[in-house]
Every structure is written in structure tokens, then in C-alpha cells.
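The next block holds one structure in the form of C-alpha cells; read it before the comments.
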Amino acid sequence: MESDYYQILGVPRDASQDEIQKAYRKLSRQYHPDIAGKQYEDKFKEINEAYSVLSDPKKREEYDRGPSPYSAGSGGAGFSPMGFTNLDDLFGQFFGGSPFGEAHGSPIPRENRGGDEITSVTVSLKDAVFGTVKQIEIPTFGKCPACKGTGSKSQSAPIVCPSCHGTGVKQQIQRSILGQIMTSAPCPQCQGHGTIIPDPCPQCQGTGRVRVKRTVEVKIPAGIEDGTRIKLVGQGEAGQLGGPAGDLYIEVHVSQDREFTRKGQDLHCWLSIPMTWAALGAKTTISTFDGKKELEIPAGIQYGQTVEMPGLGLPKSEKDRGDIVVHVQIQIPTSLTSQQKELLEQFASSHDSEAGGNMQAAQEIKPKKGIFARMKDALKGE
């Protein structure tokens with residue numbers, strides 16, 4: 001009496017290919033002679049015989065119609081004396097995969113995710129302070145307009161491959177010193193997809209996408225750092241045959257400004273002032289990214305000292321910003337009239353009499369002179 005292959009694998013007659021494969025893997029692990037013992041060699045042969053027929057749609061169809069031409073002794077399957085016929089499945093059970101490509105019932109999907117892309121954009125320091133919106137044109141893959149991403153000239157769905165019947169693989173029996181071994185390889189007609197496109201779109205060659213130029217809008221947040229990457233989900237390459245699009249990464253570069261330098265969330269600049277402002281103090285107006293602002297210079301300020309303008313730097317939070325730090329540079333005149341020179345000498349004689357008198361070790365601090373003493377030295381050529 002012929003064995004019932006469905007009963008051997010413990011699956012119903014309407015079982016899917018996935019259910020048959022799972023049942024086979026479980027039983028082959030359980031009854032393999034190297035694991036369960038040599039007394040289960042016949043049982044293991046039955047399991048392999050049943051799977052070799054039920055895993056092949058064409059053989060399964062013939063088996064369901066009547067007496068199986070693939071049963072033991074019929075010469076159909078040709079099982080080896082070693083107790084296995086499908087080297088792909090043996091490798092799959094004990095080594096985690098097949099050396100011959102995709103496993104049975106696992107066609108390669110045609111719908112593939114598009115690749116990620118990266119591009120860059122340059123913004124001004126002012127844009128980094130307040131944020132901005134940029135329009136960027138990128139060359140990429142987009143959905144084919146001729147076939148609307150289907151890959152088919154008639155926009156019809158792919159059909160089942162007549163060669164592999166939708167499995168994506170072709171099996172063949174090879175003789176070896178171990179007996180007859182069944183191997184699997186991707187179907188050459190459908191390249192392992194299990195389906196074919198009978199009328200490929202001539203514009204995209206059946207891929208469903210073509211090279212295009214696309215404009216992308218990106219929001220640059222306020223306070224952004226140079227080199228920051230912004231991720232736009234789904235704005236990368238279009239996927240093949242309607243697959244999901246990849247992501248787009250935009251690297252932001254902040255250009256150098258002629259007046260301000262960024263340090264953290266503060267903006268630094270140099271301001272050159274007359275010596276009289278340094279001595280007497282003054283008020284002046286400077287340009288900032290927020291417009292013209294008044295700056296008060298305290299009397300007696302020294303070269304290199306700073307004056308801060310709070311809240312005019314880059315954002316620290318939604319309600320808080322850094323500062324503008326103004327570094328003071330004092331201008332010393334290189335030419336004076338005789339009257340100006342006489343007035344300065346009179347002032348220097350009364351004000352700078354002790355200049356340079358407090359000497360300290362050179363490694364600790366350099367001797368300092370008053371501004372007018374330094375002017376006097378400059379005029380004398382010292």
C-alpha cells in the first residue's frame with residue numbers, strides 16, 4: 001500500500017508550501033539518523049520522499065491526481081542510500097542555509113526598497129541663527145512615468161513564471177558517489193522572482209523607475225551646527241516596482257561670516273575704537289543679525305577686553321539665546337600735529353609717570369604701560 005505523504009509529514013492535504021516546509025524541517029531534525037540513531041533511517045527516508053514530492057508544485061499536483069510515480073522503487077525520485085535527497089534542505093537544517101541559493105518556496109521579491117542618498121547644502125551664519133528653508137535639486141531615481149512604476153508597458157501585474165511555477169527555483173537531480181542528490185538554483189527564466197513581466201516597459205527596462213531630477217524642500221532649524229545631517233524619511237531613491245523609497249540625508253555646512261565667528265552659541269567679533277573712546281568711554285552703533293544695535297563702551301577699557309551684548313547670539317532653547325561678544329581693539333594714531341603731540345605729552349607726563357614701574361617675573365606677567373605712554377614711545381620710535 002502506498003504511503004500517504006501528507007500523513008507522513010503531519011500536514012493537511014490543503015497545506016501551504018510554507019506549512020509543508022516547516023513540518024519537514026521539524027521532522028528531519030527529529031529523525032535524522034545522526035541525531036536519533038540508525039534505527040530511524042527508514043523513517044528519515046520516508047520524510048525526505050514525502051517532502052521531495054509535496055514541495056514541488058508539479059509533482060504534488062500529479063500525486064494528488066492518483067498513484068504517485070515518485071514513490072520508493074518507482075525510479076522517480078531516486079533516493080540515495082545515505083537517507084537524504086535534497087542537499088539544500090540538509091544544509092538548511094544543520095548549517096543555517098543552502099550553498100545553492102534560495103530555499104524552496106522563497107522567491108526573490110520584485111518590490112525592492114530604494115537606496116538611501118546623501119547630499120549637502122550650505123547656509124549663511126545668519127541662517128544658522130534664525131533657521132531657514134532651502135530648496136535642493138537632487139538627481140535620483142523616481143517612479144517611471146510611462147508605466148507608473150509597474151515595470152510593464154501595459155501596466156499589468158507580473159504573471160507566474162511558467163518554468164518554476166512561482167517557486168523562483170529550479171531543481172535538478174545529480175548523480176554522485178553518495179547516490180542521487182537534488183540541488184536547487186534560481187530559475188533562469190525569472191531570475192528567482194517566481195514571476196515574469198511579459199511586456200517590460202521600454203523606458204525603465206521593467207524596473208519601474210528612471211533617473212530624474214527632483215526638488216526637495218528642507219527646513220534648517222535655528223542654531224544648527226556645521227556638519228549636522230538632517231534625515232528626510234522616504235525622500236531617497238524610489239524603490240523598484242513600487243517598493244518603498246529610501247531616505248535622504250542632507251549634510252548642512254555653515255559658511256564663514258565676514259564679521260562674526262561662532263563659538264558655541266555665542267558670536268564673537270572685533271571692534272576697532274579710537275584711544276579717546278577707550279579712555280573716556282563712548283556709545284556707538286554696530287550691525288548685528290538682528291539689525292543695528294547700540295553698544296556702550298566703558299571708560300578705561302583695555303586692548304583685548306570684551307563687551308557683551310546679551311541675547312543676540314544663537315538659540316540655546318526656544319526662549320534663550322547666546323550673546324555677541326565684542327573684542328576691543330584700540331587704534332593708536334601714527335601721525336600727530338605739533339599741537340596734538342604737545343597736548344599728549346602734557347597728559348602723559350602727569351598720568352603715566354609710574355607706567356612700567358611695577359615689574360614682575362617675565363613668566364608671570366609682562367609689564368604694561370598706559371595707552372598714552374605707549375603712544376609716546378611709538379612717536380619716539382621706541
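Ligands are numbered from 1 in the order shown, residues from 1 within each chain, and chains are lettered A, B, ... in the order they appear in the C-alpha cells.
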So which residues of range 299-337 of chain A fall under strand (DSSP E or B) by DSSP, listed as a list in words?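 Everything in range 299-337 of chain A that counts as strand (DSSP E or B) is Thr306, Val307, Glu308, Met309, Pro315, Arg321, Ile324, Val325, Val326, His327, Val328, Gln329, Ile330 and Gln331 of chain A.
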Selected residues, N, CA and C atoms, written as a PDB file, in the first residue's frame, please.
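Contents of result_22.pdb, freshly written:
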ATOM      1  N   THR A 306      36.590  92.632  26.495  1.00  0.00           N
ATOM      2  CA  THR A 306      35.358  92.389  25.746  1.00  0.00           C
ATOM      3  C   THR A 306      34.171  93.111  26.359  1.00  0.00           C
ATOM      4  N   VAL A 307      33.195  93.350  25.498  1.00  0.00           N
ATOM      5  CA  VAL A 307      31.904  93.897  25.917  1.00  0.00           C
ATOM      6  C   VAL A 307      30.840  92.951  25.366  1.00  0.00           C
ATOM      7  N   GLU A 308      29.912  92.525  26.203  1.00  0.00           N
ATOM      8  CA  GLU A 308      28.896  91.555  25.789  1.00  0.00           C
ATOM      9  C   GLU A 308      27.580  92.234  25.438  1.00  0.00           C
ATOM     10  N   MET A 309      26.937  91.687  24.426  1.00  0.00           N
ATOM     11  CA  MET A 309      25.598  92.137  24.027  1.00  0.00           C
ATOM     12  C   MET A 309      24.673  90.934  24.189  1.00  0.00           C
ATOM     13  N   PRO A 315      20.430  80.417  19.184  1.00  0.00           N
ATOM     14  CA  PRO A 315      19.476  79.902  20.171  1.00  0.00           C
ATOM     15  C   PRO A 315      20.086  78.821  21.062  1.00  0.00           C
ATOM     16  N   ARG A 321      18.864  82.793  24.017  1.00  0.00           N
ATOM     17  CA  ARG A 321      19.894  82.861  23.002  1.00  0.00           C
ATOM     18  C   ARG A 321      21.235  83.201  23.632  1.00  0.00           C
ATOM     19  N   ILE A 324      26.451  88.213  21.855  1.00  0.00           N
ATOM     20  CA  ILE A 324      27.508  88.730  20.990  1.00  0.00           C
ATOM     21  C   ILE A 324      28.620  89.229  21.904  1.00  0.00           C
ATOM     22  N   VAL A 325      29.822  88.744  21.666  1.00  0.00           N
ATOM     23  CA  VAL A 325      30.979  89.141  22.465  1.00  0.00           C
ATOM     24  C   VAL A 325      31.869  90.011  21.587  1.00  0.00           C
ATOM     25  N   VAL A 326      31.998  91.294  21.982  1.00  0.00           N
ATOM     26  CA  VAL A 326      32.770  92.260  21.199  1.00  0.00           C
ATOM     27  C   VAL A 326      34.159  92.388  21.807  1.00  0.00           C
ATOM     28  N   HIS A 327      35.191  92.047  21.045  1.00  0.00           N
ATOM     29  CA  HIS A 327      36.579  92.204  21.465  1.00  0.00           C
ATOM     30  C   HIS A 327      37.072  93.576  21.011  1.00  0.00           C
ATOM     31  N   VAL A 328      37.629  94.332  21.934  1.00  0.00           N
ATOM     32  CA  VAL A 328      38.007  95.718  21.654  1.00  0.00           C
ATOM     33  C   VAL A 328      39.451  95.797  21.179  1.00  0.00           C
ATOM     34  N   GLN A 329      39.643  96.516  20.083  1.00  0.00           N
ATOM     35  CA  GLN A 329      40.967  96.816  19.544  1.00  0.00           C
ATOM     36  C   GLN A 329      41.111  98.336  19.505  1.00  0.00           C
ATOM     37  N   ILE A 330      42.169  98.861  20.139  1.00  0.00           N
ATOM     38  CA  ILE A 330      42.325 100.319  20.285  1.00  0.00           C
ATOM     39  C   ILE A 330      43.267 100.836  19.208  1.00  0.00           C
ATOM     40  N   GLN A 331      42.795 101.851  18.491  1.00  0.00           N
ATOM     41  CA  GLN A 331      43.584 102.466  17.433  1.00  0.00           C
ATOM     42  C   GLN A 331      44.535 103.512  18.035  1.00  0.00           C
TER      43      GLN A 331
END
Skip range 14-17 of chain A itself and residues of its chain fewer than 4 positions away, then list as a short mmCIF file (atom, residue, chain, number, x, y, z; two decimals) with N, CA and C atoms, in the first residue's frame all residues within 12 Å of it, counting only C-alpha atoms.
data_model
loop_
_atom_site.label_atom_id
_atom_site.label_comp_id
_atom_site.auth_asym_id
_atom_site.auth_seq_id
_atom_site.Cartn_x
_atom_site.Cartn_y
_atom_site.Cartn_z
N TYR A 5 1.79 10.74 1.87
CA TYR A 5 2.82 11.73 2.13
C TYR A 5 2.35 12.82 3.10
N TYR A 6 1.09 13.19 3.00
CA TYR A 6 0.57 14.21 3.91
C TYR A 6 0.59 13.70 5.35
N GLN A 7 0.23 12.43 5.51
CA GLN A 7 0.22 11.84 6.84
C GLN A 7 1.64 11.72 7.39
N LEU A 9 4.18 13.68 6.82
CA LEU A 9 4.63 15.00 7.27
C LEU A 9 3.72 15.61 8.33
N GLY A 10 2.54 15.01 8.52
CA GLY A 10 1.62 15.51 9.54
C GLY A 10 0.98 16.82 9.17
N GLN A 21 7.04 22.96 4.39
CA GLN A 21 8.47 23.15 4.65
C GLN A 21 8.77 23.15 6.15
N LYS A 22 7.93 23.82 6.94
CA LYS A 22 8.13 23.84 8.39
C LYS A 22 8.01 22.44 8.99
N ALA A 23 7.02 21.66 8.52
CA ALA A 23 6.84 20.30 9.02
C ALA A 23 8.05 19.44 8.67
N TYR A 24 8.55 19.60 7.45
CA TYR A 24 9.71 18.81 7.03
C TYR A 24 10.95 19.14 7.88
N TYR A 51 8.58 14.90 1.31
CA TYR A 51 8.86 16.32 1.10
C TYR A 51 9.28 16.60 -0.34
N SER A 52 10.07 15.71 -0.94
CA SER A 52 10.53 15.95 -2.31
C SER A 52 9.36 16.01 -3.28
N VAL A 53 8.28 15.33 -2.97
CA VAL A 53 7.10 15.36 -3.84
C VAL A 53 6.20 16.54 -3.52
N LEU A 54 5.88 16.72 -2.23
CA LEU A 54 4.92 17.77 -1.86
C LEU A 54 5.51 19.17 -1.97
N SER A 55 6.84 19.32 -1.96
CA SER A 55 7.45 20.66 -2.07
C SER A 55 7.52 21.12 -3.51
N ASP A 56 7.32 20.22 -4.48
CA ASP A 56 7.34 20.58 -5.89
C ASP A 56 5.90 20.67 -6.38
N PRO A 57 5.43 21.86 -6.76
CA PRO A 57 4.02 22.02 -7.16
C PRO A 57 3.58 21.05 -8.26
N ARG A 60 3.44 17.53 -6.80
CA ARG A 60 2.33 17.43 -5.85
C ARG A 60 1.00 17.31 -6.58
N GLU A 61 0.87 18.07 -7.69
CA GLU A 61 -0.37 18.01 -8.46
C GLU A 61 -0.58 16.61 -9.03
N ASP A 64 -1.57 14.25 -6.19
CA ASP A 64 -2.96 14.41 -5.74
C ASP A 64 -3.95 13.79 -6.72
N ALA A 103 16.12 28.99 -0.81
CA ALA A 103 15.47 27.74 -0.46
C ALA A 103 14.16 27.60 -1.21
N HIS A 104 13.58 26.35 -1.13
CA HIS A 104 12.30 26.11 -1.80
C HIS A 104 11.24 27.07 -1.27
N GLY A 105 10.37 27.50 -2.16
CA GLY A 105 9.23 28.31 -1.75
C GLY A 105 9.60 29.71 -1.30
N SER A 106 10.81 30.21 -1.68
CA SER A 106 11.25 31.54 -1.25
C SER A 106 11.66 32.37 -2.45
N GLY A 166 6.33 29.62 -10.06
CA GLY A 166 6.22 30.59 -8.97
C GLY A 166 7.14 30.35 -7.79
N THR A 167 7.92 29.26 -7.81
CA THR A 167 8.81 28.99 -6.66
C THR A 167 10.08 29.82 -6.71
#
Spatial neighbours of Arg113 in chain A, 8 Å, only C-alpha atoms, chain gap at least 3 places, as a VMD selection string: chain A and resid 238 to 240 243 to 246
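Using only C-alpha atoms, the shortest contact distance between Ile47 in chain A and any of A:Lys59, A:Arg110, A:Arg65, A:Lys26 is found at A:Lys26.
Nearest to Leu125 in chain A of all the residues A:Gln191, A:Ser255, A:Gln172, A:Asn112 is A:Ser255, based on only C-alpha atoms.
Here CA of Glu46 in chain A stands at a distance of 20.1 Å from CA of Arg175 in chain A.
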Of A:Val218, A:Gln235, A:Leu295, A:Ser350, the one sitting nearest Gln135 in chain A when using only C-alpha atoms is A:Val218
With distances taken over only C-alpha atoms, which residue among A:Ser184, A:Thr228, A:Gln339, A:Gln205 lies nearest Thr122 in chain A? A:Thr228
Counting only C-alpha atoms, the residue of A:Pro200, A:Gly311, A:Gly206, A:Pro107 that sits nearest Val169 in chain A: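 For Val169 in chain A, the nearest of the given residues is A:Pro107.
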Shell of 10 Å around range 256-258 of chain A, only C-alpha atoms, local chain residues under 6 positions omitted, as number ranges by chain: A: 123-126, 269
Identify, on the basis of only C-alpha atoms, every residue whose closest approach to Pro158 in chain A does not exceed 7 Å; exclude the query and any residue fewer than 5 positions from it along the same chain; express the result as a list of chain:residue names. A:Thr195, A:Ile196, A:Ile197
Leu312 in chain A: which residues within 12 Å, counting only C-alpha atoms, same-chain residues fewer than 2 positions away excluded, as a PyMOL selection string? chain A and resi 126+129-130+260+265-268+287-293+308-310+314-316+319-326
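Nearest to Gln203 in chain A of all the residues A:Pro221, A:Gly234, A:Gly242, A:Gly151 is A:Gly151, counting only C-alpha atoms.
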From a DSSP calculation on the backbone, collect every residue of range 192-344 of chain A in helix (DSSP H, G or I) and output the set as a list of chain:residue names.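 Residues of range 192-344 of chain A classed as helix (DSSP H, G or I): A:Met275, A:Thr276, A:Trp277, A:Ala278, A:Ala279, A:Leu280, A:Ser338, A:Gln339, A:Gln340, A:Lys341, A:Glu342, A:Leu343, A:Leu344.
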Would you output that residue set with N, CA and C atoms, as a compact mmCIF listing (two decimals), in the first residue's frame?
# COMPACT_ATOMS: atom_id res chain seq x y z
N MET A 275 41.49 105.82 20.68
CA MET A 275 42.04 105.77 22.03
C MET A 275 41.24 106.64 23.00
N THR A 276 40.64 107.69 22.44
CA THR A 276 39.84 108.56 23.31
C THR A 276 38.60 107.85 23.81
N TRP A 277 38.01 106.99 22.99
CA TRP A 277 36.86 106.21 23.44
C TRP A 277 37.28 105.26 24.56
N ALA A 278 38.46 104.67 24.36
CA ALA A 278 38.94 103.74 25.38
C ALA A 278 39.16 104.46 26.71
N ALA A 279 39.64 105.69 26.65
CA ALA A 279 39.93 106.43 27.88
C ALA A 279 38.67 107.02 28.50
N LEU A 280 37.80 107.56 27.67
CA LEU A 280 36.65 108.30 28.18
C LEU A 280 35.34 107.50 28.16
N SER A 338 51.72 119.07 15.70
CA SER A 338 52.58 119.52 16.81
C SER A 338 51.73 119.87 18.04
N GLN A 339 50.57 120.44 17.80
CA GLN A 339 49.70 120.80 18.93
C GLN A 339 49.16 119.54 19.63
N GLN A 340 48.75 118.53 18.81
CA GLN A 340 48.24 117.29 19.39
C GLN A 340 49.35 116.58 20.16
N LYS A 341 50.55 116.60 19.61
CA LYS A 341 51.67 115.94 20.26
C LYS A 341 52.00 116.60 21.59
N GLU A 342 51.97 117.93 21.61
CA GLU A 342 52.27 118.67 22.85
C GLU A 342 51.22 118.38 23.91
N LEU A 343 49.94 118.32 23.52
CA LEU A 343 48.87 118.03 24.48
C LEU A 343 49.01 116.61 25.05
N LEU A 344 49.36 115.67 24.21
CA LEU A 344 49.51 114.30 24.68
C LEU A 344 50.71 114.15 25.60
Record the distance separating CA of Ile273 in chain A and CA of Glu294 in chain A, expressed in Å with one decimal.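 Computed distance, CA of Ile273 in chain A to CA of Glu294 in chain A, equals 14.4 Å.
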By how many Å are CA of Gln30 in chain A and CA of Gly168 in chain A apart?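 According to the coordinates, CA of Gln30 in chain A and CA of Gly168 in chain A are separated by 28.2 Å.
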